[in-house]
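Enquirer: Here you go, this is final.cif (mmCIF, C-alpha atoms).
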data_run
loop_
_atom_site.group_PDB
_atom_site.id
_atom_site.type_symbol
_atom_site.label_atom_id
_atom_site.label_comp_id
_atom_site.auth_asym_id
_atom_site.auth_seq_id
_atom_site.Cartn_x
_atom_site.Cartn_y
_atom_site.Cartn_z
ATOM 1 C CA MET A 98 13.830 1.565 -27.282
ATOM 2 C CA ARG A 99 13.287 4.695 -25.187
ATOM 3 C CA ILE A 100 11.860 2.660 -22.306
ATOM 4 C CA GLN A 101 14.742 0.196 -22.503
ATOM 5 C CA LYS A 102 17.360 2.926 -22.359
ATOM 6 C CA GLN A 103 15.687 4.689 -19.481
ATOM 7 C CA TYR A 104 15.241 1.641 -17.297
ATOM 8 C CA CYS A 105 18.179 -0.554 -18.248
ATOM 9 C CA TRP A 106 20.070 -2.286 -15.507
ATOM 10 C CA ASN A 107 23.363 -4.071 -15.963
ATOM 11 C CA GLY A 108 26.503 -4.733 -14.016
ATOM 12 C CA LYS A 109 28.033 -1.443 -15.131
ATOM 13 C CA GLY A 110 25.075 0.614 -13.934
ATOM 14 C CA CYS A 111 24.215 1.675 -17.518
ATOM 15 C CA ARG A 112 27.265 3.961 -17.556
ATOM 16 C CA GLY A 113 29.717 2.244 -19.853
ATOM 17 C CA ALA A 114 33.072 0.683 -19.064
ATOM 18 C CA ALA A 115 33.721 1.749 -15.466
ATOM 19 C CA GLY A 116 32.169 -0.380 -12.723
ATOM 20 C CA PRO A 117 30.065 1.176 -9.950
ATOM 21 C CA SER A 118 31.672 2.462 -6.746
ATOM 22 C CA ALA A 119 31.258 0.609 -3.445
ATOM 23 C CA ALA A 120 28.873 3.291 -2.174
ATOM 24 C CA ARG A 121 26.755 3.023 -5.311
ATOM 25 C CA VAL A 122 26.647 -0.765 -4.982
ATOM 26 C CA TRP A 123 25.444 -0.585 -1.381
ATOM 27 C CA LEU A 124 22.842 2.042 -2.228
ATOM 28 C CA ARG A 125 21.610 -0.231 -4.995
ATOM 29 C CA ALA A 126 21.512 -3.213 -2.616
ATOM 30 C CA LEU A 127 19.457 -1.219 -0.087
ATOM 31 C CA ARG A 128 16.899 -0.353 -2.834
ATOM 32 C CA LEU A 129 16.103 3.057 -1.411
ATOM 33 C CA HIS A 130 13.228 3.573 -3.851
ATOM 34 C CA PHE A 131 11.234 0.989 -1.854
ATOM 35 C CA VAL A 132 11.969 2.408 1.626
ATOM 36 C CA LEU A 133 9.637 5.422 1.556
ATOM 37 C CA PRO A 134 6.564 3.147 2.076
ATOM 38 C CA SER A 135 7.959 2.468 5.570
ATOM 39 C CA ILE A 136 8.766 6.082 6.418
ATOM 40 C CA LEU A 137 5.524 7.722 5.299
ATOM 41 C CA PRO A 138 3.149 5.545 7.400
ATOM 42 C CA ALA A 139 5.361 6.265 10.425
ATOM 43 C CA LEU A 140 5.032 9.997 9.768
ATOM 44 C CA LEU A 141 1.287 9.585 9.338
ATOM 45 C CA GLY A 142 0.799 7.793 12.648
ATOM 46 C CA GLY A 143 2.780 10.379 14.581
ATOM 47 C CA VAL A 144 1.083 13.374 12.998
ATOM 48 C CA MET A 145 -2.365 11.845 13.550
ATOM 49 C CA ALA A 146 -1.583 11.573 17.258
ATOM 50 C CA TRP A 147 -0.641 15.246 17.365
ATOM 51 C CA ALA A 148 -3.842 16.155 15.540
ATOM 52 C CA ALA A 149 -5.780 14.215 18.182
ATOM 53 C CA GLY A 150 -4.378 16.544 20.824
ATOM 54 C CA HIS A 151 -1.463 14.511 22.160
ATOM 55 C CA PRO A 152 1.728 16.522 22.786
ATOM 56 C CA PRO A 153 4.548 15.836 20.318
ATOM 57 C CA ASN A 154 7.624 13.947 21.460
ATOM 58 C CA GLY A 155 10.284 14.732 18.884
ATOM 59 C CA LEU A 156 12.794 12.144 20.110
ATOM 60 C CA HIS A 157 10.308 9.279 20.015
ATOM 61 C CA PHE A 158 8.981 10.444 16.667
ATOM 62 C CA ALA A 159 12.501 10.441 15.190
ATOM 63 C CA LEU A 160 13.303 7.031 16.687
ATOM 64 C CA VAL A 161 10.198 5.498 15.104
ATOM 65 C CA VAL A 162 11.155 6.861 11.687
ATOM 66 C CA ILE A 163 14.747 5.655 12.066
ATOM 67 C CA GLY A 164 13.579 2.265 13.344
ATOM 68 C CA VAL A 165 11.244 1.518 10.436
ATOM 69 C CA THR A 166 13.864 2.750 7.972
ATOM 70 C CA VAL A 167 16.700 0.519 9.181
ATOM 71 C CA ASN A 168 14.275 -2.393 9.535
ATOM 72 C CA HIS A 169 13.356 -1.938 5.868
ATOM 73 C CA PHE A 170 17.050 -1.903 4.945
ATOM 74 C CA GLY A 171 17.432 -5.252 6.707
ATOM 75 C CA LEU A 172 14.340 -6.622 4.967
ATOM 76 C CA ASN A 173 15.640 -5.624 1.539
ATOM 77 C CA LEU A 174 19.043 -7.220 2.112
ATOM 78 C CA VAL A 175 17.691 -10.498 3.525
ATOM 79 C CA ASP A 176 15.097 -10.703 0.772
ATOM 80 C CA ASP A 177 17.814 -10.169 -1.858
ATOM 81 C CA VAL A 178 20.082 -12.886 -0.456
ATOM 82 C CA LEU A 179 17.387 -15.496 0.059
ATOM 83 C CA ASP A 180 15.743 -14.905 -3.314
ATOM 84 C CA TYR A 181 19.203 -15.354 -4.862
ATOM 85 C CA ARG A 182 19.738 -18.586 -2.926
ATOM 86 C CA HIS A 183 16.350 -19.833 -4.019
ATOM 87 C CA THR A 184 17.352 -19.054 -7.649
ATOM 88 C CA VAL A 185 14.666 -16.374 -8.053
ATOM 89 C CA ASP A 186 16.911 -13.407 -8.940
ATOM 90 C CA LEU A 187 19.684 -14.759 -11.162
ATOM 91 C CA GLN A 188 19.549 -12.535 -14.235
ATOM 92 C CA THR A 189 22.867 -10.966 -15.167
ATOM 93 C CA GLY A 190 23.739 -8.588 -17.989
ATOM 94 C CA GLY A 191 21.304 -7.254 -20.568
ATOM 95 C CA GLU A 192 18.394 -5.022 -19.714
ATOM 96 C CA LYS A 193 15.720 -5.620 -17.099
ATOM 97 C CA ASN A 194 12.964 -3.841 -15.262
ATOM 98 C CA PHE A 195 14.754 -1.687 -12.671
ATOM 99 C CA PHE A 196 11.928 -2.033 -10.148
ATOM 100 C CA THR A 197 11.648 -5.828 -10.023
ATOM 101 C CA GLY A 198 13.804 -8.895 -9.576
ATOM 102 C CA GLY A 199 15.923 -7.746 -6.640
ATOM 103 C CA SER A 200 18.885 -5.391 -6.690
ATOM 104 C CA GLY A 201 21.007 -7.632 -8.922
ATOM 105 C CA VAL A 202 24.210 -7.100 -6.917
ATOM 106 C CA LEU A 203 24.592 -10.794 -6.078
ATOM 107 C CA PRO A 204 24.228 -12.367 -9.546
ATOM 108 C CA GLU A 205 26.587 -9.703 -10.875
ATOM 109 C CA GLY A 206 29.164 -10.495 -8.176
ATOM 110 C CA LEU A 207 29.215 -6.959 -6.786
ATOM 111 C CA LEU A 208 28.678 -8.040 -3.151
ATOM 112 C CA LYS A 209 29.039 -11.242 -1.153
ATOM 113 C CA GLU A 210 26.094 -12.859 0.602
ATOM 114 C CA SER A 211 27.951 -12.836 3.927
ATOM 115 C CA ARG A 212 28.485 -9.075 3.802
ATOM 116 C CA MET A 213 24.837 -8.430 2.995
ATOM 117 C CA LEU A 214 23.634 -10.705 5.794
ATOM 118 C CA THR A 215 26.033 -9.069 8.255
ATOM 119 C CA ALA A 216 24.709 -5.647 7.298
ATOM 120 C CA ALA A 217 21.135 -6.918 7.624
ATOM 121 C CA ALA A 218 21.888 -8.274 11.111
ATOM 122 C CA LEU A 219 23.255 -4.879 12.141
ATOM 123 C CA PHE A 220 20.168 -3.125 10.800
ATOM 124 C CA PHE A 221 17.861 -5.537 12.641
ATOM 125 C CA ALA A 222 19.911 -5.115 15.830
ATOM 126 C CA ALA A 223 19.487 -1.343 15.572
ATOM 127 C CA THR A 224 15.745 -1.822 15.041
ATOM 128 C CA ALA A 225 15.538 -4.091 18.089
ATOM 129 C CA GLY A 226 17.434 -1.612 20.232
ATOM 130 C CA ILE A 227 15.120 1.230 19.248
ATOM 131 C CA GLY A 228 12.081 -0.983 19.822
ATOM 132 C CA ILE A 229 13.218 -2.034 23.299
ATOM 133 C CA TYR A 230 13.809 1.565 24.319
ATOM 134 C CA LEU A 231 10.439 2.727 22.972
ATOM 135 C CA ALA A 232 8.688 -0.196 24.680
ATOM 136 C CA TRP A 233 10.334 0.794 27.978
ATOM 137 C CA ALA A 234 9.441 4.448 27.477
ATOM 138 C CA CYS A 235 5.946 4.082 26.011
ATOM 139 C CA GLY A 236 4.497 0.660 26.847
ATOM 140 C CA TRP A 237 4.363 -3.000 25.863
ATOM 141 C CA PRO A 238 2.199 -2.559 22.703
ATOM 142 C CA VAL A 239 5.276 -1.038 21.027
ATOM 143 C CA LEU A 240 7.202 -4.239 21.763
ATOM 144 C CA ALA A 241 4.369 -6.442 20.482
ATOM 145 C CA LEU A 242 4.012 -4.483 17.232
ATOM 146 C CA GLY A 243 7.791 -4.290 16.821
ATOM 147 C CA ILE A 244 8.363 -8.009 17.294
ATOM 148 C CA PHE A 245 5.569 -8.805 14.860
ATOM 149 C CA GLY A 246 6.911 -6.384 12.260
ATOM 150 C CA MET A 247 10.516 -7.568 12.543
ATOM 151 C CA ALA A 248 9.496 -11.226 12.428
ATOM 152 C CA CYS A 249 7.518 -10.570 9.258
ATOM 153 C CA SER A 250 10.523 -8.781 7.744
ATOM 154 C CA ILE A 251 12.793 -11.749 8.408
ATOM 155 C CA PHE A 252 10.419 -14.591 7.621
ATOM 156 C CA TYR A 253 9.045 -13.033 4.453
ATOM 157 C CA THR A 254 11.693 -15.075 2.627
ATOM 158 C CA ALA A 255 13.567 -16.879 5.447
ATOM 159 C CA PRO A 256 12.859 -20.574 6.076
ATOM 160 C CA PRO A 257 11.019 -22.365 7.452
ATOM 161 C CA ILE A 258 8.090 -19.940 7.179
ATOM 162 C CA ARG A 259 8.843 -18.046 3.925
ATOM 163 C CA PHE A 260 5.303 -16.705 3.813
ATOM 164 C CA GLY A 261 6.152 -14.592 0.766
ATOM 165 C CA TYR A 262 6.644 -17.865 -1.119
ATOM 166 C CA ARG A 263 3.325 -19.313 0.029
ATOM 167 C CA GLY A 264 0.839 -16.721 -1.184
ATOM 168 C CA PHE A 265 0.689 -14.604 1.993
ATOM 169 C CA GLY A 266 3.293 -11.980 1.128
ATOM 170 C CA GLU A 267 0.804 -9.462 -0.189
ATOM 171 C CA LEU A 268 -1.358 -9.730 2.947
ATOM 172 C CA GLY A 269 1.738 -9.459 5.123
ATOM 173 C CA LEU A 270 2.799 -6.250 3.397
ATOM 174 C CA LEU A 271 -0.714 -4.801 3.702
ATOM 175 C CA VAL A 272 -0.720 -5.413 7.466
ATOM 176 C CA ASN A 273 2.871 -4.389 8.181
ATOM 177 C CA PHE A 274 3.105 -1.306 5.961
ATOM 178 C CA GLY A 275 -0.327 -0.163 7.060
ATOM 179 C CA PRO A 276 -1.731 -0.939 10.532
ATOM 180 C CA VAL A 277 1.510 -2.103 12.202
ATOM 181 C CA ILE A 278 3.577 0.982 11.350
ATOM 182 C CA VAL A 279 0.789 3.571 11.600
ATOM 183 C CA LEU A 280 -0.607 2.249 14.888
ATOM 184 C CA GLY A 281 2.865 1.793 16.337
ATOM 185 C CA ALA A 282 3.847 5.372 15.496
ATOM 186 C CA TYR A 283 0.509 6.634 16.827
ATOM 187 C CA PHE A 284 0.865 4.736 20.108
ATOM 188 C CA VAL A 285 4.374 6.062 20.726
ATOM 189 C CA GLN A 286 2.963 9.604 20.702
ATOM 190 C CA ALA A 287 -0.492 9.008 22.192
ATOM 191 C CA ARG A 288 0.139 6.019 24.539
ATOM 192 C CA ASN A 289 -3.156 4.545 23.355
ATOM 193 C CA LEU A 290 -4.724 3.163 20.187
ATOM 194 C CA SER A 291 -7.636 4.600 18.238
ATOM 195 C CA PHE A 292 -10.046 3.691 15.465
ATOM 196 C CA GLU A 293 -9.139 6.669 13.257
ATOM 197 C CA PRO A 294 -5.476 5.725 12.642
ATOM 198 C CA LEU A 295 -6.542 2.128 12.063
ATOM 199 C CA ILE A 296 -8.831 3.203 9.224
ATOM 200 C CA ALA A 297 -6.212 5.596 7.851
ATOM 201 C CA SER A 298 -3.586 2.838 7.931
ATOM 202 C CA LEU A 299 -5.550 0.734 5.462
ATOM 203 C CA VAL A 300 -4.785 3.234 2.695
ATOM 204 C CA PRO A 301 -0.964 2.912 2.747
ATOM 205 C CA GLY A 302 -1.359 -0.799 3.470
ATOM 206 C CA LEU A 303 -3.518 -1.432 0.413
ATOM 207 C CA LEU A 304 -1.296 0.736 -1.754
ATOM 208 C CA MET A 305 1.759 -1.232 -0.618
ATOM 209 C CA ALA A 306 0.032 -4.540 -1.354
ATOM 210 C CA SER A 307 -0.852 -3.170 -4.787
ATOM 211 C CA MET A 308 2.757 -2.108 -5.323
ATOM 212 C CA ILE A 309 4.046 -5.605 -4.632
ATOM 213 C CA LEU A 310 1.423 -7.083 -6.959
ATOM 214 C CA ILE A 311 2.463 -4.947 -9.915
ATOM 215 C CA ASN A 312 6.116 -5.701 -9.119
ATOM 216 C CA GLU A 313 5.396 -9.435 -9.174
ATOM 217 C CA ILE A 314 3.903 -9.383 -12.670
ATOM 218 C CA PRO A 315 7.243 -8.842 -14.508
ATOM 219 C CA ASP A 316 8.779 -11.595 -12.312
ATOM 220 C CA TYR A 317 6.040 -14.106 -13.157
ATOM 221 C CA GLU A 318 8.207 -16.606 -15.038
ATOM 222 C CA ALA A 319 11.207 -16.370 -12.688
ATOM 223 C CA ASP A 320 9.036 -16.760 -9.585
ATOM 224 C CA ARG A 321 7.270 -19.831 -10.968
ATOM 225 C CA ARG A 322 10.562 -21.479 -11.903
ATOM 226 C CA ALA A 323 11.940 -20.883 -8.418
ATOM 227 C CA GLY A 324 8.776 -22.000 -6.614
ATOM 228 C CA LYS A 325 7.982 -18.544 -5.242
ATOM 229 C CA TRP A 326 4.217 -18.987 -5.262
ATOM 230 C CA ASN A 327 3.007 -15.485 -4.635
ATOM 231 C CA LEU A 328 -0.472 -14.585 -5.856
ATOM 232 C CA VAL A 329 0.664 -13.645 -9.361
ATOM 233 C CA ALA A 330 2.781 -16.789 -9.797
ATOM 234 C CA ARG A 331 -0.054 -18.909 -8.423
ATOM 235 C CA PHE A 332 -2.994 -17.436 -10.330
ATOM 236 C CA GLY A 333 -1.422 -15.733 -13.351
ATOM 237 C CA ARG A 334 -0.706 -12.262 -14.690
ATOM 238 C CA LYS A 335 -4.317 -11.425 -15.556
ATOM 239 C CA THR A 336 -5.523 -12.268 -12.051
ATOM 240 C CA GLY A 337 -2.634 -10.246 -10.666
ATOM 241 C CA ALA A 338 -3.727 -7.259 -12.753
ATOM 242 C CA VAL A 339 -7.305 -7.624 -11.464
ATOM 243 C CA LEU A 340 -6.085 -7.814 -7.857
ATOM 244 C CA TYR A 341 -3.890 -4.797 -8.461
ATOM 245 C CA GLY A 342 -6.850 -2.768 -9.712
ATOM 246 C CA ALA A 343 -8.970 -3.970 -6.794
ATOM 247 C CA GLY A 344 -6.284 -2.903 -4.319
ATOM 248 C CA LEU A 345 -6.128 0.584 -5.808
ATOM 249 C CA ALA A 346 -9.921 0.884 -5.873
ATOM 250 C CA SER A 347 -10.123 -0.193 -2.229
ATOM 251 C CA ALA A 348 -7.461 2.281 -1.108
ATOM 252 C CA TYR A 349 -9.045 5.255 -2.854
ATOM 253 C CA GLY A 350 -12.527 4.078 -1.863
ATOM 254 C CA ILE A 351 -11.575 4.034 1.826
ATOM 255 C CA LEU A 352 -10.031 7.477 1.449
ATOM 256 C CA ILE A 353 -13.195 8.934 -0.089
ATOM 257 C CA LEU A 354 -15.751 7.165 2.121
ATOM 258 C CA SER A 355 -13.946 7.751 5.419
ATOM 259 C CA ALA A 356 -13.420 11.439 4.660
ATOM 260 C CA SER A 357 -17.052 11.829 3.569
ATOM 261 C CA ALA A 358 -18.263 10.097 6.738
ATOM 262 C CA GLY A 359 -16.097 12.257 8.970
ATOM 263 C CA VAL A 360 -13.971 9.329 10.142
ATOM 264 C CA LEU A 361 -10.835 10.911 8.693
ATOM 265 C CA SER A 362 -9.939 14.540 8.150
ATOM 266 C CA PRO A 363 -11.629 15.924 5.027
ATOM 267 C CA PHE A 364 -8.208 17.166 3.965
ATOM 268 C CA VAL A 365 -7.117 13.583 3.210
ATOM 269 C CA LEU A 366 -9.009 13.961 -0.061
ATOM 270 C CA LEU A 367 -5.875 15.756 -1.219
ATOM 271 C CA GLY A 368 -4.564 12.231 -1.693
ATOM 272 C CA LEU A 369 -6.798 11.906 -4.741
ATOM 273 C CA ALA A 370 -4.202 14.003 -6.573
ATOM 274 C CA SER A 371 -2.372 10.719 -7.157
ATOM 275 C CA LEU A 372 -5.247 9.229 -9.153
ATOM 276 C CA PRO A 373 -3.709 10.152 -12.547
ATOM 277 C CA LEU A 374 -0.604 8.160 -11.597
ATOM 278 C CA ALA A 375 -2.750 5.192 -10.594
ATOM 279 C CA PHE A 376 -4.670 5.339 -13.871
ATOM 280 C CA LYS A 377 -1.394 5.640 -15.772
ATOM 281 C CA SER A 378 -0.091 2.470 -14.160
ATOM 282 C CA LEU A 379 -3.319 0.634 -14.995
ATOM 283 C CA PHE A 380 -3.196 1.798 -18.600
ATOM 284 C CA ILE A 381 0.417 0.645 -19.044
ATOM 285 C CA LEU A 382 -0.348 -2.623 -17.293
ATOM 286 C CA ARG A 383 -3.223 -3.311 -19.660
ATOM 287 C CA ARG A 384 -1.096 -2.619 -22.745
ATOM 288 C CA HIS A 385 2.102 -4.376 -21.644
ATOM 289 C CA LEU A 386 0.955 -7.129 -19.304
ATOM 290 C CA ASN A 387 3.380 -9.664 -20.800
ATOM 291 C CA ASP A 388 6.322 -7.311 -21.406
ATOM 292 C CA PRO A 389 8.390 -6.986 -18.186
ATOM 293 C CA LEU A 390 10.651 -4.205 -19.450
ATOM 294 C CA ALA A 391 7.796 -2.097 -20.814
ATOM 295 C CA LEU A 392 6.060 -2.339 -17.415
ATOM 296 C CA ALA A 393 8.804 -0.315 -15.708
ATOM 297 C CA PRO A 394 6.952 3.033 -16.085
ATOM 298 C CA ALA A 395 3.903 1.405 -14.473
ATOM 299 C CA ASN A 396 6.010 0.270 -11.516
ATOM 300 C CA LEU A 397 7.407 3.793 -11.192
ATOM 301 C CA ALA A 398 3.935 5.341 -11.420
ATOM 302 C CA MET A 399 2.745 3.090 -8.580
ATOM 303 C CA ILE A 400 5.687 4.087 -6.371
ATOM 304 C CA LYS A 401 4.863 7.747 -7.018
ATOM 305 C CA ALA A 402 1.133 7.179 -6.402
ATOM 306 C CA HIS A 403 1.847 5.640 -3.002
ATOM 307 C CA ALA A 404 4.239 8.437 -2.060
ATOM 308 C CA LEU A 405 1.911 11.229 -3.172
ATOM 309 C CA THR A 406 -1.174 9.738 -1.514
ATOM 310 C CA VAL A 407 0.395 9.113 1.886
ATOM 311 C CA THR A 408 2.315 12.408 1.810
ATOM 312 C CA ALA A 409 -1.018 14.160 1.203
ATOM 313 C CA MET A 410 -2.499 12.323 4.208
ATOM 314 C CA VAL A 411 0.415 13.450 6.379
ATOM 315 C CA ALA A 412 -0.080 17.018 5.125
ATOM 316 C CA ALA A 413 -3.807 16.752 5.867
ATOM 317 C CA TYR A 414 -3.195 16.011 9.545
ATOM 318 C CA LEU A 415 -0.478 18.627 9.794
ATOM 319 C CA MET A 416 -3.142 21.071 8.629
ATOM 320 C CA GLU A 417 -5.399 19.795 11.422
ATOM 321 C CA VAL A 418 -2.570 20.397 13.916
ATOM 322 C CA LEU A 419 -2.099 23.964 12.660
ATOM 323 C CA ILE A 420 -5.839 24.677 12.746
ATOM 324 C CA ALA A 421 -6.081 23.380 16.321
ATOM 325 C CA ALA A 422 -3.038 25.457 17.342
ATOM 326 C CA GLN A 423 -4.502 28.597 15.796
ATOM 327 C CA ALA A 424 -7.833 28.018 17.549
ATOM 328 C CA PHE A 425 -6.025 27.556 20.879
ATOM 329 C CA ILE A 426 -4.097 30.811 20.412
ATOM 330 C CA CYS A 427 -7.245 32.710 19.509
#
Represent the supplied structure as structure tokens.
Expert:
Amino acid sequence: MRIQKQYCWNGKGCRGAAGPSAARVWLRALRLHFVLPSILPALLGGVMAWAAGHPPNGLHFALVVIGVTVNHFGLNLVDDVLDYRHTVDLQTGGEKNFFTGGSGVLPEGLLKESRMLTAAALFFAATAGIGIYLAWACGWPVLALGIFGMACSIFYTAPPIRFGYRGFGELGLLVNFGPVIVLGAYFVQARNLSFEPLIASLVPGLLMASMILINEIPDYEADRRAGKWNLVARFGRKTGAVLYGAGLASAYGILILSASAGVLSPFVLLGLASLPLAFKSLFILRRHLNDPLALAPANLAMIKAHALTVTAMVAAYLMEVLIAAQAFIC
């Protein structure tokens, strides 16, 4: 009962008789708890460029962070609407896993599809405007990466591609929330690409793919009914759990091996501080594989593990920047 009370989600926001305010509804629709995996890789790419000796450009750095953030807002809104239309996220009332199954604002009648799609279009327009400016200021690779990333955001659930429904969603998230964002942010600062940020980008990418896998497990039945054939719906919960563990092992393995080989800063090993959270999520997943509500703490642990790991990587390269600055002064 403690888990159910902590992670309940209903049309009244778990607060009793009064309905949620308009601001609270929109914040819920944007699903802010899933946006940090866009922001942190952008920070990582920019800081890695500074650590490589490229002079910081604060305006371009801020525009990249804003661009990936509003793009993620658009992705969340479009994904919510199209999953609702495809009858994936229809649960209303009762208690559900807060971290899965969409925001719930549409089945509860809190927002209209048209308003969400209009907001998504505005967010994507803002992303496009930022991308065009950065491409003009920094070079065509920004435009190429931006178009690819935005197209993946839209066609994750939008027809006719809907690659998230065809078993390619996890790979798409790995690529977009890893190499695309990190390399794009790096290029904006450095005006070139490098092997080191590519390797570093695999860590947030794999962690994001793992996050979507553990989020798909509670939605197994709903996704199968709606024909959303992601990897978990296609191959089952147990296979999803194995893939989830493999994704975590790969992310931490790359972190350890690349730091040991001198490919990445040795300070990135600070990211191993998130290992207890990763093990916690695996332990809960093993015990409650078939209980969607009881899996909520595992979903939360994975979100925290991603945030802590990538934040530690950002901190690691900030330390490299400070060390280089101190050496220059001396």
Enquirer: Give as a PDB file with C-alpha atoms, in the coordinates of the input the set of residues within 12 Å of the point (3.8, 4.2, -11.6), where distances use the file's coordinates and all atoms listed in the file.
Expert:
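Okay, this is what ended up in result_13.pdb:
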ATOM      1  CA  PHE A 196      11.928  -2.033 -10.148  1.00  0.00           C
ATOM      2  CA  LEU A 304      -1.296   0.736  -1.754  1.00  0.00           C
ATOM      3  CA  SER A 307      -0.852  -3.170  -4.787  1.00  0.00           C
ATOM      4  CA  MET A 308       2.757  -2.108  -5.323  1.00  0.00           C
ATOM      5  CA  ILE A 311       2.463  -4.947  -9.915  1.00  0.00           C
ATOM      6  CA  ASN A 312       6.116  -5.701  -9.119  1.00  0.00           C
ATOM      7  CA  SER A 371      -2.372  10.719  -7.157  1.00  0.00           C
ATOM      8  CA  LEU A 372      -5.247   9.229  -9.153  1.00  0.00           C
ATOM      9  CA  PRO A 373      -3.709  10.152 -12.547  1.00  0.00           C
ATOM     10  CA  LEU A 374      -0.604   8.160 -11.597  1.00  0.00           C
ATOM     11  CA  ALA A 375      -2.750   5.192 -10.594  1.00  0.00           C
ATOM     12  CA  PHE A 376      -4.670   5.339 -13.871  1.00  0.00           C
ATOM     13  CA  LYS A 377      -1.394   5.640 -15.772  1.00  0.00           C
ATOM     14  CA  SER A 378      -0.091   2.470 -14.160  1.00  0.00           C
ATOM     15  CA  LEU A 379      -3.319   0.634 -14.995  1.00  0.00           C
ATOM     16  CA  PHE A 380      -3.196   1.798 -18.600  1.00  0.00           C
ATOM     17  CA  ILE A 381       0.417   0.645 -19.044  1.00  0.00           C
ATOM     18  CA  LEU A 382      -0.348  -2.623 -17.293  1.00  0.00           C
ATOM     19  CA  ALA A 391       7.796  -2.097 -20.814  1.00  0.00           C
ATOM     20  CA  LEU A 392       6.060  -2.339 -17.415  1.00  0.00           C
ATOM     21  CA  ALA A 393       8.804  -0.315 -15.708  1.00  0.00           C
ATOM     22  CA  PRO A 394       6.952   3.033 -16.085  1.00  0.00           C
ATOM     23  CA  ALA A 395       3.903   1.405 -14.473  1.00  0.00           C
ATOM     24  CA  ASN A 396       6.010   0.270 -11.516  1.00  0.00           C
ATOM     25  CA  LEU A 397       7.407   3.793 -11.192  1.00  0.00           C
ATOM     26  CA  ALA A 398       3.935   5.341 -11.420  1.00  0.00           C
ATOM     27  CA  MET A 399       2.745   3.090  -8.580  1.00  0.00           C
ATOM     28  CA  ILE A 400       5.687   4.087  -6.371  1.00  0.00           C
ATOM     29  CA  LYS A 401       4.863   7.747  -7.018  1.00  0.00           C
ATOM     30  CA  ALA A 402       1.133   7.179  -6.402  1.00  0.00           C
ATOM     31  CA  HIS A 403       1.847   5.640  -3.002  1.00  0.00           C
ATOM     32  CA  ALA A 404       4.239   8.437  -2.060  1.00  0.00           C
ATOM     33  CA  LEU A 405       1.911  11.229  -3.172  1.00  0.00           C
TER      34      LEU A 405
END
Enquirer: Tell me which residues come within 10 Å of (17.7, 0.9, 11.5), as a short mmCIF file (atom, residue, chain, number, x, y, z; two decimals) with C-alpha atoms, keeping the file's coordinate frame, counting all atoms listed in the file in the file's coordinates.
Expert:
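Resulting contents of out39.cif:
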data_model
loop_
_atom_site.label_atom_id
_atom_site.label_comp_id
_atom_site.auth_asym_id
_atom_site.auth_seq_id
_atom_site.Cartn_x
_atom_site.Cartn_y
_atom_site.Cartn_z
CA LEU A 160 13.30 7.03 16.69
CA VAL A 161 10.20 5.50 15.10
CA VAL A 162 11.16 6.86 11.69
CA ILE A 163 14.75 5.66 12.07
CA GLY A 164 13.58 2.26 13.34
CA VAL A 165 11.24 1.52 10.44
CA THR A 166 13.86 2.75 7.97
CA VAL A 167 16.70 0.52 9.18
CA ASN A 168 14.28 -2.39 9.54
CA HIS A 169 13.36 -1.94 5.87
CA PHE A 170 17.05 -1.90 4.94
CA GLY A 171 17.43 -5.25 6.71
CA ALA A 217 21.14 -6.92 7.62
CA LEU A 219 23.26 -4.88 12.14
CA PHE A 220 20.17 -3.12 10.80
CA PHE A 221 17.86 -5.54 12.64
CA ALA A 222 19.91 -5.12 15.83
CA ALA A 223 19.49 -1.34 15.57
CA THR A 224 15.74 -1.82 15.04
CA ALA A 225 15.54 -4.09 18.09
CA GLY A 226 17.43 -1.61 20.23
CA ILE A 227 15.12 1.23 19.25
#
Enquirer: Would you translate the PyMOL selection byres ((chain A and resi 348) around 12) into the concrete set of residues it matches in this file, as a ChimeraX atom specification?
Expert: /A:271,275,296-308,341-347,349-355,366,368-369,371-372,375,402-403,406-407
Enquirer: How far is it from atom CA of A:Leu295 to atom CA of A:Val279, in Å with one decimal?
Expert: 7.5 Å
Enquirer: Pick from A:Ala216, A:Val285, A:Leu310, A:Leu280: nearest to A:Phe332, with only C-alpha atoms counted?
Expert: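 Using only C-alpha atoms, A:Phe332 sits closest to A:Leu310.
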Enquirer: Evaluate the PyMOL selection byres ((chain A and resi 361) around 9) here and jot the selected residues down as a PDB file with C-alpha atoms, in the frame of the given file.
Expert:
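For reference, part.pdb as written:
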ATOM      1  CA  GLU A 293      -9.139   6.669  13.257  1.00  0.00           C
ATOM      2  CA  PRO A 294      -5.476   5.725  12.642  1.00  0.00           C
ATOM      3  CA  ILE A 296      -8.831   3.203   9.224  1.00  0.00           C
ATOM      4  CA  ALA A 297      -6.212   5.596   7.851  1.00  0.00           C
ATOM      5  CA  LEU A 352     -10.031   7.477   1.449  1.00  0.00           C
ATOM      6  CA  SER A 355     -13.946   7.751   5.419  1.00  0.00           C
ATOM      7  CA  ALA A 356     -13.420  11.439   4.660  1.00  0.00           C
ATOM      8  CA  SER A 357     -17.052  11.829   3.569  1.00  0.00           C
ATOM      9  CA  ALA A 358     -18.263  10.097   6.738  1.00  0.00           C
ATOM     10  CA  GLY A 359     -16.097  12.257   8.970  1.00  0.00           C
ATOM     11  CA  VAL A 360     -13.971   9.329  10.142  1.00  0.00           C
ATOM     12  CA  SER A 362      -9.939  14.540   8.150  1.00  0.00           C
ATOM     13  CA  PRO A 363     -11.629  15.924   5.027  1.00  0.00           C
ATOM     14  CA  PHE A 364      -8.208  17.166   3.965  1.00  0.00           C
ATOM     15  CA  VAL A 365      -7.117  13.583   3.210  1.00  0.00           C
TER      16      VAL A 365
END
Enquirer: Would you kindly translate the PyMOL selection byres ((chain A and resi 141) around 9) into the concrete residues it picks from this file, as a PyMOL selection string?
Expert: chain A and resi 136-140+142-146+279+282-283+294+297-298+407-408+410-412+414
